[in-house]
Structure formats: C-alpha cells, structure tokens
>>> print(open('final38.pdb').read())   # PDB, C-alpha atoms
ATOM      1  CA  MET E 121       0.000   0.000   0.000
ATOM      2  CA  ASN E 122       1.226   3.449  -0.892
ATOM      3  CA  PHE E 123       0.534   6.206   1.599
ATOM      4  CA  PRO E 124       1.453   9.899   1.464
ATOM      5  CA  LYS E 125       4.817  10.676   3.021
ATOM      6  CA  ILE E 126       5.104  13.387   5.644
ATOM      7  CA  SER E 127       8.447  15.111   6.119
ATOM      8  CA  ASN E 128      10.208  14.656   9.444
ATOM      9  CA  ALA E 129       9.926  18.377  10.137
ATOM     10  CA  THR E 130       6.162  18.390   9.541
ATOM     11  CA  ARG E 131       5.713  15.220  11.576
ATOM     12  CA  LEU E 132       7.606  16.591  14.563
ATOM     13  CA  GLU E 133       5.687  19.851  14.346
ATOM     14  CA  ARG E 134       2.367  17.990  14.441
ATOM     15  CA  LEU E 135       3.504  15.839  17.328
ATOM     16  CA  GLN E 136       4.189  18.868  19.490
ATOM     17  CA  PRO E 137       1.786  19.265  22.436
ATOM     18  CA  THR E 138      -1.276  21.304  21.577
ATOM     19  CA  LYS E 139      -1.391  25.035  22.135
ATOM     20  CA  GLY E 140      -4.703  26.829  22.179
ATOM     21  CA  LYS E 141      -8.073  25.564  21.049
ATOM     22  CA  VAL E 142      -8.119  22.621  18.632
ATOM     23  CA  ARG E 143     -10.640  21.083  16.254
ATOM     24  CA  MET E 144     -11.363  17.464  17.058
ATOM     25  CA  VAL E 145     -13.611  14.446  16.596
ATOM     26  CA  ILE E 146     -14.044  11.475  18.930
ATOM     27  CA  ASP E 147     -14.177   7.852  17.787
ATOM     28  CA  THR E 148     -15.702   5.844  20.625
ATOM     29  CA  ASP E 149     -17.077   2.402  21.507
ATOM     30  CA  THR E 150     -19.284   4.218  23.991
ATOM     31  CA  TYR E 151     -21.406   1.345  25.304
ATOM     32  CA  ASN E 152     -18.523  -1.081  25.771
ATOM     33  CA  GLU E 153     -17.531   0.331  29.162
ATOM     34  CA  ILE E 154     -18.302   3.288  31.403
ATOM     35  CA  ASP E 155     -15.295   5.527  30.749
ATOM     36  CA  ASP E 156     -16.143   6.539  27.161
ATOM     37  CA  GLN E 157     -19.146   8.360  28.607
ATOM     38  CA  PHE E 158     -16.916  10.344  30.953
ATOM     39  CA  ALA E 159     -14.550  11.158  28.073
ATOM     40  CA  ILE E 160     -17.303  12.454  25.787
ATOM     41  CA  VAL E 161     -18.772  14.602  28.544
ATOM     42  CA  TYR E 162     -15.301  15.902  29.476
ATOM     43  CA  ALA E 163     -14.693  16.969  25.883
ATOM     44  CA  LEU E 164     -18.079  18.609  25.445
ATOM     45  CA  LEU E 165     -17.613  20.535  28.694
ATOM     46  CA  SER E 166     -14.230  21.868  27.531
ATOM     47  CA  PRO E 167     -15.200  24.359  24.794
ATOM     48  CA  GLU E 168     -12.325  26.685  25.641
ATOM     49  CA  GLN E 169      -9.781  23.995  24.773
ATOM     50  CA  MET E 170     -11.513  22.109  21.956
ATOM     51  CA  ALA E 171     -14.275  22.264  19.393
ATOM     52  CA  VAL E 172     -15.930  18.841  19.299
ATOM     53  CA  GLU E 173     -17.132  18.569  15.700
ATOM     54  CA  ALA E 174     -18.291  14.944  15.554
ATOM     55  CA  LEU E 175     -18.817  11.795  17.614
ATOM     56  CA  TYR E 176     -18.289   8.491  15.776
ATOM     57  CA  ALA E 177     -19.672   5.200  17.079
ATOM     58  CA  ALA E 178     -17.019   2.478  16.858
ATOM     59  CA  PRO E 179     -17.639  -1.286  16.786
ATOM     60  CA  PHE E 180     -16.879  -3.518  19.751
ATOM     61  CA  PHE E 181     -17.611  -7.135  20.619
ATOM     62  CA  ASN E 182     -17.823  -8.566  24.124
ATOM     63  CA  HIS E 183     -20.481  -9.711  26.574
ATOM     64  CA  ARG E 184     -22.350  -6.411  26.078
ATOM     65  CA  ALA E 185     -22.888  -6.909  22.327
ATOM     66  CA  SER E 186     -24.000  -9.774  20.086
ATOM     67  CA  SER E 187     -21.667  -8.677  17.259
ATOM     68  CA  PRO E 188     -19.300  -5.802  16.401
ATOM     69  CA  GLY E 189     -22.124  -4.141  14.486
ATOM     70  CA  ASP E 190     -24.449  -4.504  17.461
ATOM     71  CA  GLY E 191     -21.735  -2.934  19.614
ATOM     72  CA  MET E 192     -21.519   0.005  17.229
ATOM     73  CA  GLU E 193     -25.303   0.506  17.267
ATOM     74  CA  LYS E 194     -25.409   0.340  21.060
ATOM     75  CA  SER E 195     -22.568   2.846  21.197
ATOM     76  CA  TYR E 196     -24.454   5.181  18.874
ATOM     77  CA  ASP E 197     -27.539   4.926  21.090
ATOM     78  CA  GLU E 198     -25.411   5.658  24.153
ATOM     79  CA  ILE E 199     -24.012   8.773  22.476
ATOM     80  CA  LEU E 200     -27.593   9.956  21.946
ATOM     81  CA  ARG E 201     -28.409   9.385  25.627
ATOM     82  CA  LEU E 202     -25.430  11.495  26.673
ATOM     83  CA  LEU E 203     -26.314  14.322  24.297
ATOM     84  CA  GLU E 204     -29.917  14.331  25.506
ATOM     85  CA  ARG E 205     -28.766  14.784  29.106
ATOM     86  CA  LEU E 206     -26.476  17.607  28.022
ATOM     87  CA  ASN E 207     -29.327  19.263  26.090
ATOM     88  CA  LEU E 208     -27.384  18.972  22.841
ATOM     89  CA  SER E 209     -28.709  17.982  19.434
ATOM     90  CA  ALA E 210     -27.264  14.896  17.764
ATOM     91  CA  GLU E 211     -27.870  16.327  14.289
ATOM     92  CA  ASN E 212     -24.590  16.761  12.404
ATOM     93  CA  LEU E 213     -22.734  15.592  15.502
ATOM     94  CA  ALA E 214     -23.342  11.849  16.070
ATOM     95  CA  TYR E 215     -22.553   9.314  13.315
ATOM     96  CA  ARG E 216     -22.797   5.544  12.992
ATOM     97  CA  GLY E 217     -19.539   3.766  12.231
ATOM     98  CA  SER E 218     -18.362   0.385  10.972
ATOM     99  CA  ASN E 219     -20.482  -2.764  11.299
ATOM    100  CA  GLY E 220     -17.510  -5.069  11.803
ATOM    101  CA  PHE E 221     -13.742  -5.298  12.120
ATOM    102  CA  LEU E 222     -11.358  -5.317   9.171
ATOM    103  CA  ALA E 223     -10.897  -8.692   7.496
ATOM    104  CA  ASP E 224      -8.242  -7.299   5.135
ATOM    105  CA  TYR E 225      -7.101  -4.000   3.687
ATOM    106  CA  ASP E 226      -9.054  -4.439   0.452
ATOM    107  CA  HIS E 227     -12.469  -4.096   2.082
ATOM    108  CA  PRO E 228     -12.642  -1.060   4.372
ATOM    109  CA  TYR E 229     -15.979  -0.206   5.961
ATOM    110  CA  ASP E 230     -17.794   2.670   4.293
ATOM    111  CA  SER E 231     -20.010   4.307   6.912
ATOM    112  CA  GLU E 232     -21.456   7.658   7.953
ATOM    113  CA  ALA E 233     -18.583   8.139  10.366
ATOM    114  CA  VAL E 234     -15.914   7.226   7.825
ATOM    115  CA  ARG E 235     -17.336   9.558   5.184
ATOM    116  CA  ASP E 236     -17.706  12.404   7.660
ATOM    117  CA  LEU E 237     -14.109  11.964   8.834
ATOM    118  CA  ILE E 238     -12.818  12.014   5.263
ATOM    119  CA  ASP E 239     -14.862  15.078   4.311
ATOM    120  CA  ARG E 240     -14.031  16.938   7.498
ATOM    121  CA  ALA E 241     -10.316  16.194   7.224
ATOM    122  CA  MET E 242      -9.984  16.975   3.525
ATOM    123  CA  ASN E 243     -11.781  20.305   3.921
ATOM    124  CA  ALA E 244      -9.717  21.337   6.931
ATOM    125  CA  THR E 245      -7.309  24.253   6.723
ATOM    126  CA  GLU E 246      -5.471  23.027   9.822
ATOM    127  CA  PRO E 247      -4.834  19.495  11.160
ATOM    128  CA  LEU E 248      -7.878  17.775  12.643
ATOM    129  CA  TYR E 249      -7.352  15.858  15.883
ATOM    130  CA  VAL E 250      -8.970  12.427  15.843
ATOM    131  CA  VAL E 251      -9.326  11.127  19.399
ATOM    132  CA  ALA E 252      -9.767   7.351  19.323
ATOM    133  CA  ILE E 253     -10.847   5.504  22.473
ATOM    134  CA  GLY E 254     -11.851   2.185  20.937
ATOM    135  CA  ALA E 255     -10.850  -0.135  18.104
ATOM    136  CA  LEU E 256      -9.421   1.781  15.140
ATOM    137  CA  THR E 257     -11.712   0.330  12.461
ATOM    138  CA  ASN E 258     -13.344   3.623  11.478
ATOM    139  CA  ILE E 259     -10.052   5.483  11.249
ATOM    140  CA  ALA E 260      -8.250   2.727   9.368
ATOM    141  CA  SER E 261     -11.174   2.466   6.935
ATOM    142  CA  ALA E 262     -11.061   6.211   6.289
ATOM    143  CA  ILE E 263      -7.315   6.025   5.589
ATOM    144  CA  LEU E 264      -7.788   3.091   3.221
ATOM    145  CA  ILE E 265     -10.573   4.867   1.310
ATOM    146  CA  GLU E 266      -8.773   8.229   1.180
ATOM    147  CA  PRO E 267      -5.081   7.945   2.101
ATOM    148  CA  LYS E 268      -4.600  11.710   1.705
ATOM    149  CA  ILE E 269      -6.191  12.270   5.121
ATOM    150  CA  ILE E 270      -2.850  11.138   6.587
ATOM    151  CA  GLU E 271      -1.653  14.643   5.695
ATOM    152  CA  LYS E 272      -4.673  16.219   7.371
ATOM    153  CA  ILE E 273      -5.163  14.509  10.734
ATOM    154  CA  ILE E 274      -3.412  13.791  14.021
ATOM    155  CA  VAL E 275      -4.599  10.627  15.784
ATOM    156  CA  VAL E 276      -4.623  10.459  19.583
ATOM    157  CA  TRP E 277      -5.237   6.832  20.540
ATOM    158  CA  LEU E 278      -5.686   5.113  23.866
ATOM    159  CA  GLY E 279      -4.610   1.606  22.938
ATOM    160  CA  GLY E 280      -2.131  -1.176  23.552
ATOM    161  CA  ASN E 281       0.074  -1.441  26.613
ATOM    162  CA  ALA E 282       3.270   0.332  27.629
ATOM    163  CA  LEU E 283       6.179  -0.256  25.276
ATOM    164  CA  HIS E 284       8.068  -2.025  28.086
ATOM    165  CA  TRP E 285       5.094  -4.260  28.977
ATOM    166  CA  PRO E 286       5.583  -7.996  28.321
ATOM    167  CA  ASN E 287       2.606  -8.039  25.951
ATOM    168  CA  THR E 288       0.255  -5.623  24.265
ATOM    169  CA  VAL E 289      -2.931  -7.613  24.779
ATOM    170  CA  GLU E 290      -5.448  -4.813  25.298
ATOM    171  CA  PHE E 291      -9.104  -4.467  24.306
ATOM    172  CA  ASN E 292      -8.860  -1.526  21.883
ATOM    173  CA  LEU E 293      -5.884  -3.012  20.058
ATOM    174  CA  SER E 294      -7.062  -6.619  20.151
ATOM    175  CA  GLY E 295     -10.533  -5.695  18.885
ATOM    176  CA  ASP E 296      -9.170  -4.915  15.425
ATOM    177  CA  VAL E 297      -5.508  -5.864  15.133
ATOM    178  CA  LEU E 298      -5.407  -5.125  11.393
ATOM    179  CA  ALA E 299      -6.734  -1.615  11.942
ATOM    180  CA  ALA E 300      -4.255  -0.955  14.757
ATOM    181  CA  ARG E 301      -1.386  -2.263  12.646
ATOM    182  CA  LEU E 302      -2.368  -0.040   9.734
ATOM    183  CA  VAL E 303      -2.515   3.116  11.871
ATOM    184  CA  LEU E 304       0.880   2.325  13.392
ATOM    185  CA  ASP E 305       2.426   1.485  10.009
ATOM    186  CA  CYS E 306       0.958   4.020   7.581
ATOM    187  CA  GLY E 307       2.768   7.099   8.887
ATOM    188  CA  VAL E 308      -0.195   9.137  10.121
ATOM    189  CA  PRO E 309       0.908  11.482  12.950
ATOM    190  CA  LEU E 310       0.066   9.557  16.111
ATOM    191  CA  VAL E 311      -0.003  10.214  19.838
ATOM    192  CA  LEU E 312      -0.105   6.804  21.523
ATOM    193  CA  ILE E 313      -1.388   6.591  25.092
ATOM    194  CA  PRO E 314      -0.815   3.041  26.364
ATOM    195  CA  CYS E 315      -3.071   1.368  28.912
ATOM    196  CA  GLN E 316      -1.274  -1.089  31.228
ATOM    197  CA  GLY E 317       1.822   0.504  32.680
ATOM    198  CA  VAL E 318       0.841   4.090  31.822
ATOM    199  CA  THR E 319      -2.859   4.874  32.256
ATOM    200  CA  THR E 320      -3.413   2.086  34.797
ATOM    201  CA  HIS E 321      -3.858   4.242  37.891
ATOM    202  CA  LEU E 322      -6.453   6.576  36.326
ATOM    203  CA  ILE E 323      -9.217   5.187  38.554
ATOM    204  CA  SER E 324     -11.954   6.469  40.833
ATOM    205  CA  THR E 325     -14.174   5.186  43.634
ATOM    206  CA  VAL E 326     -17.858   5.308  44.501
ATOM    207  CA  SER E 327     -17.260   7.787  47.310
ATOM    208  CA  GLU E 328     -15.397  10.174  44.986
ATOM    209  CA  ILE E 329     -18.052   9.871  42.284
ATOM    210  CA  GLU E 330     -20.825  10.507  44.799
ATOM    211  CA  LEU E 331     -19.027  13.635  46.039
ATOM    212  CA  TYR E 332     -18.070  15.226  42.727
ATOM    213  CA  VAL E 333     -20.235  13.720  39.952
ATOM    214  CA  GLN E 334     -23.587  12.647  41.394
ATOM    215  CA  GLY E 335     -25.993  15.552  41.685
ATOM    216  CA  LYS E 336     -24.302  17.535  38.927
ATOM    217  CA  GLY E 337     -27.374  17.765  36.748
ATOM    218  CA  ALA E 338     -28.880  15.050  34.576
ATOM    219  CA  ILE E 339     -25.507  14.136  33.067
ATOM    220  CA  GLY E 340     -23.770  13.891  36.436
ATOM    221  CA  ASP E 341     -26.478  11.617  37.788
ATOM    222  CA  TYR E 342     -26.264   9.451  34.673
ATOM    223  CA  LEU E 343     -22.483   9.110  34.914
ATOM    224  CA  ALA E 344     -22.705   8.258  38.606
ATOM    225  CA  GLU E 345     -25.452   5.696  38.014
ATOM    226  CA  THR E 346     -23.429   4.100  35.224
ATOM    227  CA  PHE E 347     -20.287   4.010  37.363
ATOM    228  CA  LYS E 348     -21.953   2.441  40.385
ATOM    229  CA  GLY E 349     -23.931   0.024  38.241
ATOM    230  CA  TYR E 350     -20.774  -1.589  36.894
ATOM    231  CA  SER E 351     -20.305  -3.655  40.071
ATOM    232  CA  ASP E 352     -22.574  -4.999  42.787
ATOM    233  CA  ASP E 353     -19.758  -5.008  45.334
ATOM    234  CA  HIS E 354     -18.373  -1.545  46.091
ATOM    235  CA  PHE E 355     -16.351  -2.519  49.149
ATOM    236  CA  ALA E 356     -12.691  -1.531  48.630
ATOM    237  CA  TRP E 357     -13.535  -1.220  44.929
ATOM    238  CA  SER E 358     -12.246   1.201  42.342
ATOM    239  CA  LYS E 359     -12.968   1.492  38.636
ATOM    240  CA  GLU E 360     -10.879   2.549  35.654
ATOM    241  CA  ILE E 361     -11.911   5.721  33.845
ATOM    242  CA  TRP E 362      -9.051   5.523  31.388
ATOM    243  CA  ASP E 363     -10.664   7.103  28.319
ATOM    244  CA  VAL E 364     -10.656  10.619  29.771
ATOM    245  CA  VAL E 365      -6.877  10.614  29.351
ATOM    246  CA  ALA E 366      -7.107  11.170  25.593
ATOM    247  CA  ILE E 367      -9.200  14.285  26.192
ATOM    248  CA  ALA E 368      -6.844  15.446  28.935
ATOM    249  CA  TYR E 369      -3.919  15.348  26.492
ATOM    250  CA  LEU E 370      -5.601  18.005  24.355
ATOM    251  CA  ILE E 371      -6.343  20.142  27.416
ATOM    252  CA  ASN E 372      -2.929  20.023  29.069
ATOM    253  CA  ALA E 373      -0.221  17.749  27.683
ATOM    254  CA  ASP E 374       1.848  18.314  30.836
ATOM    255  CA  TRP E 375      -0.535  15.925  32.575
ATOM    256  CA  LEU E 376       0.732  13.172  30.246
ATOM    257  CA  PRO E 377       4.538  13.192  30.122
ATOM    258  CA  SER E 378       5.558  11.752  26.756
ATOM    259  CA  HIS E 379       8.456  11.356  24.377
ATOM    260  CA  ILE E 380       9.163  10.865  20.714
ATOM    261  CA  VAL E 381       9.853   7.254  19.719
ATOM    262  CA  SER E 382       9.838   5.102  16.619
ATOM    263  CA  SER E 383       6.421   3.666  15.862
ATOM    264  CA  PRO E 384       6.246   0.176  17.417
ATOM    265  CA  ILE E 385       5.337  -2.940  15.465
ATOM    266  CA  ILE E 386       2.541  -5.296  16.495
ATOM    267  CA  SER E 387       3.960  -8.804  16.491
ATOM    268  CA  GLN E 388       1.907 -11.976  16.684
ATOM    269  CA  ARG E 389       3.687 -15.310  16.842
ATOM    270  CA  THR E 390       0.595 -17.404  16.095
ATOM    271  CA  ALA E 391      -1.545 -16.639  13.055
ATOM    272  CA  VAL E 392      -5.053 -16.519  14.481
ATOM    273  CA  SER E 393      -8.063 -14.985  12.792
ATOM    274  CA  THR E 394      -9.519 -12.338  15.097
ATOM    275  CA  VAL E 395     -12.068 -10.902  12.700
ATOM    276  CA  ASN E 396     -15.433 -10.262  14.356
ATOM    277  CA  LYS E 397     -14.716 -12.569  17.280
ATOM    278  CA  LYS E 398     -14.922 -11.764  20.964
ATOM    279  CA  PRO E 399     -11.494 -11.147  22.543
ATOM    280  CA  ASP E 400     -12.022 -14.056  24.940
ATOM    281  CA  ASP E 401     -12.292 -16.359  21.925
ATOM    282  CA  TRP E 402      -8.849 -15.567  20.554
ATOM    283  CA  LEU E 403      -5.309 -16.603  21.296
ATOM    284  CA  THR E 404      -4.285 -13.024  21.998
ATOM    285  CA  HIS E 405      -1.642 -13.751  24.596
ATOM    286  CA  ASP E 406       1.088 -13.617  21.950
ATOM    287  CA  LEU E 407       0.477 -10.018  20.843
ATOM    288  CA  THR E 408       3.649  -8.105  21.661
ATOM    289  CA  TRP E 409       5.523  -4.980  20.638
ATOM    290  CA  SER E 410       8.664  -5.196  18.568
ATOM    291  CA  PHE E 411      10.866  -2.337  17.448
ATOM    292  CA  ASP E 412      12.683  -1.002  14.417
ATOM    293  CA  HIS E 413      14.242   2.364  15.160
ATOM    294  CA  SER E 414      14.382   3.283  11.487
ATOM    295  CA  ARG E 415      10.585   3.585  11.393
ATOM    296  CA  HIS E 416       8.715   6.886  11.428
ATOM    297  CA  LEU E 417       8.295   8.749  14.707
ATOM    298  CA  ILE E 418       5.262   9.002  16.980
ATOM    299  CA  ARG E 419       4.661  10.559  20.391
ATOM    300  CA  CYS E 420       4.097   8.067  23.218
ATOM    301  CA  ALA E 421       2.961   8.804  26.775
ATOM    302  CA  TYR E 422       4.904   7.133  29.575
ATOM    303  CA  HIS E 423       3.079   8.495  32.640
ATOM    304  CA  VAL E 424      -0.261  10.022  33.639
ATOM    305  CA  GLN E 425      -0.909  12.553  36.397
ATOM    306  CA  ARG E 426      -4.233  11.391  37.760
ATOM    307  CA  ASP E 427      -5.261  14.152  40.170
ATOM    308  CA  PRO E 428      -5.221  17.249  37.912
ATOM    309  CA  ILE E 429      -7.193  15.366  35.261
ATOM    310  CA  PHE E 430     -10.009  14.398  37.621
ATOM    311  CA  ARG E 431      -9.899  17.814  39.267
ATOM    312  CA  ASP E 432     -10.443  19.491  35.891
ATOM    313  CA  LEU E 433     -13.280  17.118  34.988
ATOM    314  CA  PHE E 434     -15.047  17.590  38.341
ATOM    315  CA  ILE E 435     -14.723  21.386  38.192
ATOM    316  CA  LYS E 436     -16.252  21.476  34.715
ATOM    317  CA  LEU E 437     -19.128  19.219  35.748
ATOM    318  CA  ASP E 438     -19.839  21.493  38.693
ATOM    319  CA  LYS E 439     -19.756  24.609  36.509
ATOM    320  CA  TRP E 440     -22.098  23.004  34.000
ATOM    321  CA  ALA E 441     -24.565  21.968  36.709
ATOM    322  CA  ASN E 442     -24.534  25.475  38.225
ATOM    323  CA  ARG E 443     -24.584  27.450  34.999
ATOM    324  CA  ALA E 444     -26.883  30.449  34.970
TER     325      ALA E 444
END
>>> encode(input="final38.pdb", output="structure tokens")
Amino acid sequence: MNFPKISNATRLERLQPTKGKVRMVIDTDTYNEIDDQFAIVYALLSPEQMAVEALYAAPFFNHRASSPGDGMEKSYDEILRLLERLNLSAENLAYRGSNGFLADYDHPYDSEAVRDLIDRAMNATEPLYVVAIGALTNIASAILIEPKIIEKIIVVWLGGNALHWPNTVEFNLSGDVLAARLVLDCGVPLVLIPCQGVTTHLISTVSEIELYVQGKGAIGDYLAETFKGYSDDHFAWSKEIWDVVAIAYLINADWLPSHIVSSPIISQRTAVSTVNKKPDDWLTHDLTWSFDHSRHLIRCAYHVQRDPIFRDLFIKLDKWANRA
C-alpha cells in the first residue's frame, strides 16, 4: 500500500503538544464500558480547549454486544443518551460507524462516520485531531478509502500497553488488530497513550463519584449511576476511567509526560483470525511490541498525572450543573 509521506519536520511539528483551542472528533465504543461516557462529557464541557465537531460510534464485541455491528449501534444509542442529558442535538454531531472489524485492507468499511471523517479532514485548513478511544476500524477504513487524510489529521489513541510491557494484549488493540497495525504502520501522525503501565492508575471510587459527579445535573447523575452500576460489590472497589486521558492530552499535555519514539510494530507469533470474534475467543496472549528504530516517529505517553485530570473534569461538571 502506498501512503502519502510526511516530512520529518512536519511530523515533529504535528507531534508537538497542543497550544490553544483545537478542532477534534471522537471515535468511541461508547457502550462497551463506562469511561467513554466520561470522556465524551469531558470533551463537550471543555469548549475553551476544543471544538468537538463529531462523535463516531465504533464497533466492539464482548459480553455487552452480540456482534461488532451490534456494539456500534449500542454505542451510537449511548451517544444519543449522553447528548440528551447535556441538552445537545445529535444532528450533524453523532454518526454511525463500521459494522464489523477489518478482514483485510481491500475491504474497508464505508459508513457515515468514515465519510464524515474524510470530508471533514480533507476540507480542513489546519490538522484535525482524531481522538480514538476504541478499536481503530473507522479510522483505518477512512485512511484506506482516502489515504490523503494522513496529511490532514493527528490521531490520539488510547490503545495497547506500555512499550516495556511484556505483551500488548489490550481491548482496543485486540478488537481490530489489522486496523491498529495499519494506523501504526501508515505514517499518520500519532499520539499513543498506552493502557497497562501508563494509564493504569487513572481510577476512581464510589465515594469520589458521589461527592463530585452525582448531583451535577442530569448528566452527572447518569455518569454516577453508570459508574456504580458496573459492580454490585463496592467494598474496597475502584474502577478505571481511562478514556478521559485522551481528552486530557488536548487540554494540558503536561498531565501526560511523553516522548518521541519510533512507531512500534505489532507482532503476533501465532496466526489466528480475530475478525469479528470476541477477545475471549482468541489466542491473543502472543500479541507483543517489537521495534525497528528506522521507522517513522510518533509521540508516546509514559506516565499520567491522575489528580489534575479528575480535578479538571469535576470542576467542569460542577460549573455546567450550576450554569446560569
């Protein structure tokens, strides 16, 4: 596959931490977990730092969905529920994405989300940030259909594990390995935020959620209900809210110390078809990172400062609930 080449100078410029307000879209498997909801709300309550132009429903497949397409539809419906509680219209904002995961690079998924991403990127006069907090099917499909968007976008992806971790078996990466491999290989400017070993401690508790989220309007109550409903046993229990980290990077990159590294390679010792199968059904234990330092550069986070991120989110929720 031939993709547009970006000069090293342009790449490094685009990988610099953000300054000022940015244009962005969010690609999210919203119903898969509870943290996508927090991330979407965080972004929409941060108009001084970002203009959220679109929300794309991404496919997922686990016990909460009967297929990747069902996961996408449930995610789309969840986006609508969030927007309703924020008193925002879904028109020209929420879009359905891919109905499955990539089987090969010859058959990308053509969806509302993919077409909107292509149109929005190609018509942009400045780079469009694409925040991905799920499998990369929509983004990879858009690149395959119109490779020129590589010159127009910057992807911020929560996916995989830390580069030093013994494996990179992680839900967002494992959901669509072909899509993840394409994004890492094609040369699109990428900010990688790993999960295990980096974002791991971005967690909260019922007591904290009850203090700072519950009671903050319809959206605060919904987030709190969703959080507490994830487990029946809250004793000494905490829950990951990892997805907010991708939004936090665009607000204040100092909260996510990072460095420039060569784009890692996804290695898989055993050839196993993962297309449209639940992660529990695969032999994913052999997914690892490997490295070739002659490859193009990306930015990769190596730490997350938990407290200022949650502080900023809680302050914005409180301001929204008490707006005039």
>>> resolve_selection(input="final38.pdb", expression="the PyMOL selection byres ((chain E and resi 322-335) around 6)", output="list in words")
Thr319, Thr320, His321, Lys336, Gly337, Gly340, Asp341, Ala344, Ser358, Lys359, Glu360, Ile361, Trp362, Arg426 and Phe434 of chain E
>>> write_last_selection(input="final38.pdb", atoms="C-alpha atoms", output="mmCIF file, in the frame of the given file")
data_model
loop_
_atom_site.group_PDB
_atom_site.id
_atom_site.type_symbol
_atom_site.label_atom_id
_atom_site.label_comp_id
_atom_site.auth_asym_id
_atom_site.auth_seq_id
_atom_site.Cartn_x
_atom_site.Cartn_y
_atom_site.Cartn_z
ATOM 1 C CA THR E 319 -2.859 4.874 32.256
ATOM 2 C CA THR E 320 -3.413 2.086 34.797
ATOM 3 C CA HIS E 321 -3.858 4.242 37.891
ATOM 4 C CA LYS E 336 -24.302 17.535 38.927
ATOM 5 C CA GLY E 337 -27.374 17.765 36.748
ATOM 6 C CA GLY E 340 -23.770 13.891 36.436
ATOM 7 C CA ASP E 341 -26.478 11.617 37.788
ATOM 8 C CA ALA E 344 -22.705 8.258 38.606
ATOM 9 C CA SER E 358 -12.246 1.201 42.342
ATOM 10 C CA LYS E 359 -12.968 1.492 38.636
ATOM 11 C CA GLU E 360 -10.879 2.549 35.654
ATOM 12 C CA ILE E 361 -11.911 5.721 33.845
ATOM 13 C CA TRP E 362 -9.051 5.523 31.388
ATOM 14 C CA ARG E 426 -4.233 11.391 37.760
ATOM 15 C CA PHE E 434 -15.047 17.590 38.341
#
>>> closest_atom_pairs(input="final38.pdb", of="segment 243-267 of chain E", to="segment 365-382 of chain E", cutoff="12 Å", atoms="only C-alpha atoms", output="JSON lines")
{"residue": "E:Leu248", "atom": "CA", "partner": "E:Leu370", "partner_atom": "CA", "distance": 11.9}
{"residue": "E:Tyr249", "atom": "CA", "partner": "E:Leu370", "partner_atom": "CA", "distance": 8.9}
{"residue": "E:Val250", "atom": "CA", "partner": "E:Ala366", "partner_atom": "CA", "distance": 10.0}
{"residue": "E:Val251", "atom": "CA", "partner": "E:Ala366", "partner_atom": "CA", "distance": 6.6}
{"residue": "E:Ala252", "atom": "CA", "partner": "E:Ala366", "partner_atom": "CA", "distance": 7.8}
{"residue": "E:Ile253", "atom": "CA", "partner": "E:Ala366", "partner_atom": "CA", "distance": 7.5}
{"residue": "E:Gly254", "atom": "CA", "partner": "E:Ala366", "partner_atom": "CA", "distance": 11.2}
>>> closest_residue(input="final38.pdb", among="E:Thr150, E:Thr257, E:Thr288, E:Ser414", to="Leu200 of chain E", atoms="all atoms listed in the file")
E:Thr150
>>> residues_around(input="final38.pdb", residues="Gly140 of chain E", least_positions_apart="2", cutoff="9 Å", atoms="only C-alpha atoms", output="ChimeraX atom specification")
/E:138,142,168-170,371
>>> residues_around(input="final38.pdb", residues="segment 154-158 of chain E", least_positions_apart="2", cutoff="8 Å", atoms="all atoms listed in the file", output="PyMOL selection string")
chain E and resi 148-152+160-162+199+202+253+343+346-347+350+360-364
>>> residues_around(input="final38.pdb", residues="Tyr215 of chain E", least_positions_apart="6", cutoff="6 Å", atoms="all atoms listed in the file", output="JSON list (two decimals) with C-alpha atoms, in the frame of the given file")
[["chain", "number", "residue", "atom", "x", "y", "z"],
["E", 176, "TYR", "CA", -18.29, 8.49, 15.78],
["E", 232, "GLU", "CA", -21.46, 7.66, 7.95],
["E", 233, "ALA", "CA", -18.58, 8.14, 10.37]]
>>> residues_around(input="final38.pdb", residues="segment 121-125 of chain E", least_positions_apart="2", cutoff="9 Å", atoms="only C-alpha atoms", output="list in words")
Ser127, Tyr225, Ile263, Leu264, Pro267, Lys268, Ile269, Ile270, Glu271, Cys306, Gly307 and Val308 of chain E
>>> closest_residue(input="final38.pdb", among="E:Asp239, E:Leu203, E:Leu165, E:Tyr229", to="Gly189 of chain E", atoms="only C-alpha atoms")
E:Tyr229
